[in-house]
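Coordinates as given in work_33.cif (mmCIF, C-alpha atoms):
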```cif
data_structure
#
loop_
_atom_site.label_atom_id
_atom_site.label_comp_id
_atom_site.auth_asym_id
_atom_site.auth_seq_id
_atom_site.Cartn_x
_atom_site.Cartn_y
_atom_site.Cartn_z
CA MET A 29 18.42 1.20 10.76
CA ARG A 30 14.78 0.39 11.42
CA MET A 31 13.90 -3.28 11.42
CA SER A 32 10.13 -3.26 11.01
CA PHE A 33 9.43 0.06 9.29
CA LYS A 34 10.82 2.11 6.45
CA VAL A 35 10.73 5.87 7.04
CA GLU A 36 10.84 8.08 3.98
CA ASN A 37 10.84 11.87 4.23
CA LYS A 38 9.15 13.65 1.34
CA ASN A 39 8.91 17.43 0.84
CA ASN A 40 6.16 18.13 3.32
CA TYR A 41 5.25 14.73 4.74
CA THR A 42 6.74 11.46 5.95
CA ILE A 43 5.80 7.97 4.78
CA ILE A 44 6.13 5.16 7.32
CA THR A 45 5.90 1.81 5.55
CA SER A 46 5.36 -1.30 7.63
CA LYS A 47 7.66 -4.15 6.62
CA VAL A 48 6.04 -6.66 8.98
CA GLU A 49 3.14 -9.04 8.59
CA LYS A 50 1.98 -8.48 12.16
CA LEU A 51 1.67 -5.10 13.82
CA ASN A 52 1.63 -6.36 17.39
CA THR A 53 3.17 -5.95 20.82
CA LEU A 54 6.62 -6.78 19.47
CA VAL A 55 6.80 -4.03 16.84
CA ALA A 56 4.26 -1.41 18.00
CA PRO A 57 6.80 0.26 20.36
CA GLU A 58 9.12 0.81 17.37
CA LEU A 59 6.30 2.55 15.48
CA LYS A 60 5.51 4.72 18.51
CA GLU A 61 9.19 5.63 18.80
CA ILE A 62 9.33 6.67 15.12
CA VAL A 63 6.21 8.81 15.56
CA SER A 64 7.64 10.41 18.67
CA GLU A 65 10.92 11.21 16.86
CA LEU A 66 8.99 12.76 13.96
CA GLY A 67 7.07 14.88 16.45
CA ASN A 68 10.30 16.02 18.07
CA GLU A 69 11.59 17.02 14.62
CA GLY A 70 8.44 19.07 14.05
CA LYS A 71 7.14 16.72 11.36
CA ASN A 72 3.38 16.41 11.64
CA ASN A 73 2.22 15.17 8.23
CA ILE A 74 2.40 11.40 8.46
CA LEU A 75 1.27 8.72 6.05
CA ILE A 76 1.33 5.11 7.28
CA ASP A 77 1.29 2.38 4.63
CA LEU A 78 0.16 -0.98 6.01
CA SER A 79 -0.04 -2.90 2.73
CA ASN A 80 2.48 -5.51 3.99
CA THR A 81 0.62 -6.01 7.26
CA SER A 82 -2.14 -8.60 7.53
CA TYR A 83 -2.63 -8.54 11.30
CA CYS A 84 -2.93 -5.76 13.84
CA ASN A 85 -3.73 -6.04 17.55
CA SER A 86 -4.57 -3.38 20.16
CA SER A 87 -0.89 -2.46 20.59
CA GLY A 88 -0.65 -1.81 16.87
CA LEU A 89 -3.83 0.27 16.93
CA SER A 90 -2.47 2.22 19.86
CA ALA A 91 0.70 3.05 17.89
CA ILE A 92 -1.38 4.16 14.88
CA LEU A 93 -3.54 6.27 17.20
CA SER A 94 -0.45 7.97 18.62
CA ALA A 95 0.51 9.04 15.07
CA ASN A 96 -3.02 10.30 14.43
CA ARG A 97 -2.99 12.22 17.73
CA LEU A 98 0.39 13.85 17.00
CA CYS A 99 -0.84 15.10 13.63
CA LYS A 100 -4.17 16.30 14.98
CA ASP A 101 -2.65 18.08 17.98
CA THR A 102 -0.21 19.98 15.76
CA ASN A 103 -2.62 20.74 12.88
CA GLY A 104 -0.89 18.24 10.61
CA LYS A 105 -2.31 15.58 8.32
CA PHE A 106 -2.54 11.86 9.02
CA VAL A 107 -3.42 9.29 6.36
CA LEU A 108 -3.53 5.51 6.61
CA CYS A 109 -3.43 3.33 3.49
CA GLY A 110 -3.10 -0.22 2.21
CA LEU A 111 -5.33 -1.89 4.79
CA GLN A 112 -5.69 -5.63 4.36
CA PRO A 113 -9.10 -7.17 5.23
CA ASN A 114 -8.21 -8.30 8.77
CA VAL A 115 -6.64 -4.97 9.66
CA GLN A 116 -9.59 -3.10 8.14
CA LYS A 117 -11.95 -5.25 10.23
CA MET A 118 -10.00 -4.56 13.41
CA ILE A 119 -10.12 -0.81 12.74
CA GLU A 120 -13.85 -0.97 12.07
CA ILE A 121 -14.54 -3.00 15.21
CA ALA A 122 -12.68 -0.33 17.19
CA GLN A 123 -14.78 2.32 15.35
CA LEU A 124 -11.52 3.96 14.25
CA HIS A 125 -12.54 4.15 10.58
CA ARG A 126 -14.54 7.20 11.71
CA VAL A 127 -11.40 8.77 13.17
CA PHE A 128 -8.72 7.92 10.61
CA ASN A 129 -8.40 9.26 7.08
CA ILE A 130 -8.08 5.95 5.19
CA LYS A 131 -7.16 5.56 1.52
CA ASP A 132 -6.92 2.33 -0.46
CA THR A 133 -3.58 2.92 -2.15
CA LEU A 134 -0.34 4.73 -1.46
CA LEU A 135 -0.95 6.84 -4.56
CA GLU A 136 -4.32 8.07 -3.26
CA ALA A 137 -2.82 8.69 0.17
CA GLU A 138 0.04 10.71 -1.29
CA LYS A 139 -2.45 12.84 -3.27
CA GLU A 140 -4.18 13.56 0.03
CA MET A 141 -0.88 14.86 1.46
CA GLN A 142 -0.26 17.36 -1.36
#
```

Can you present the structure in this file as structure tokens?
Amino acid sequence: MRMSFKVENKNNYTIITSKVEKLNTLVAPELKEIVSELGNEGKNNILIDLSNTSYCNSSGLSAILSANRLCKDTNGKFVLCGLQPNVQKMIEIAQLHRVFNIKDTLLEAEKEMQ
């Protein structure tokens, strides 16, 4: 059982929902591990929902980037949604809003995966 993330397999994509307020050095390795397992299972359409997360540091960004890289390298889709203001700011400072496909809501993100 995952402590910090909920993993939900849909027909052709996987939703990873953060259950933590802070995506930091303590939980980022768990996210990377989930992404790596999905890659090993051949799953390359990943949606990450960060609506419960109000803080993200460089370790968290690195974990999100690893998911984005997996999807891109295997011609899959990667969508990020539910960014709170501080997380959005962090992503913009790192210029990653130009790299990630970001949607406001889970509903919009799921439409993107169809």

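Across the model, the gap from atom CA of A:Asn40 to atom CA of A:Gly110 is 20.6 Å.
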
Set the distance at 10 Å and use all atoms listed in the file: which residues neighbour A:Gln142 once local chain neighbours fewer than 5 positions away are removed? I'd like the list as number ranges by chain.
A: 39-41, 137

Run through the PyMOL selection byres ((chain A and resi 116) around 12) on the given coordinates and return the selected residues as a count of residues only.
30

Judged by only C-alpha atoms, the minimum distance to A:Leu98 among A:Val127, A:Val63, A:Ile76, A:Val48 is found for A:Val63

Selection result of the PyMOL selection byres ((chain A and resi 58) around 9) on this file, as JSON, numbers by chain
{"A": [30, 31, 32, 33, 54, 55, 56, 57, 59, 60, 61, 62, 63, 91]}

Gap from atom CA of A:Lys71 to atom CA of A:Phe106 - Å, one decimal
11.1 Å

Rank A:Thr53, A:Thr45, A:Ser64, A:Asn129 by their smallest atom-to-atom distance to A:Ala95, using only C-alpha atoms, and report the top residue only.
A:Ser64

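Rounded to one decimal, atom CA of A:Asn52 and atom CA of A:Asp101 lie 24.8 Å from each other.
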
In terms of all atoms listed in the file, the residue from A:Lys139, A:Asn37, A:Ile74, A:Lys47 at minimal distance from A:Cys99 is A:Ile74

Using only C-alpha atoms, which of the listed residues (A:Asn73, A:Gly104, A:Ser87, A:Leu93) sits closest to A:Ile44?
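Of all the options, A:Asn73 lies closest to A:Ile44.
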
Nearest residue to A:Val107 out of A:Ser86, A:Thr133, A:Ser46, A:Asn80, using only C-alpha atoms?
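Nearest to A:Val107: A:Thr133.
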
Between A:Asp77, A:Glu49, A:Leu135, A:Gly67, single out the one closest to A:Arg97, counting all atoms listed in the file.
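Answer, going by the shortest atom-to-atom distance: A:Gly67.
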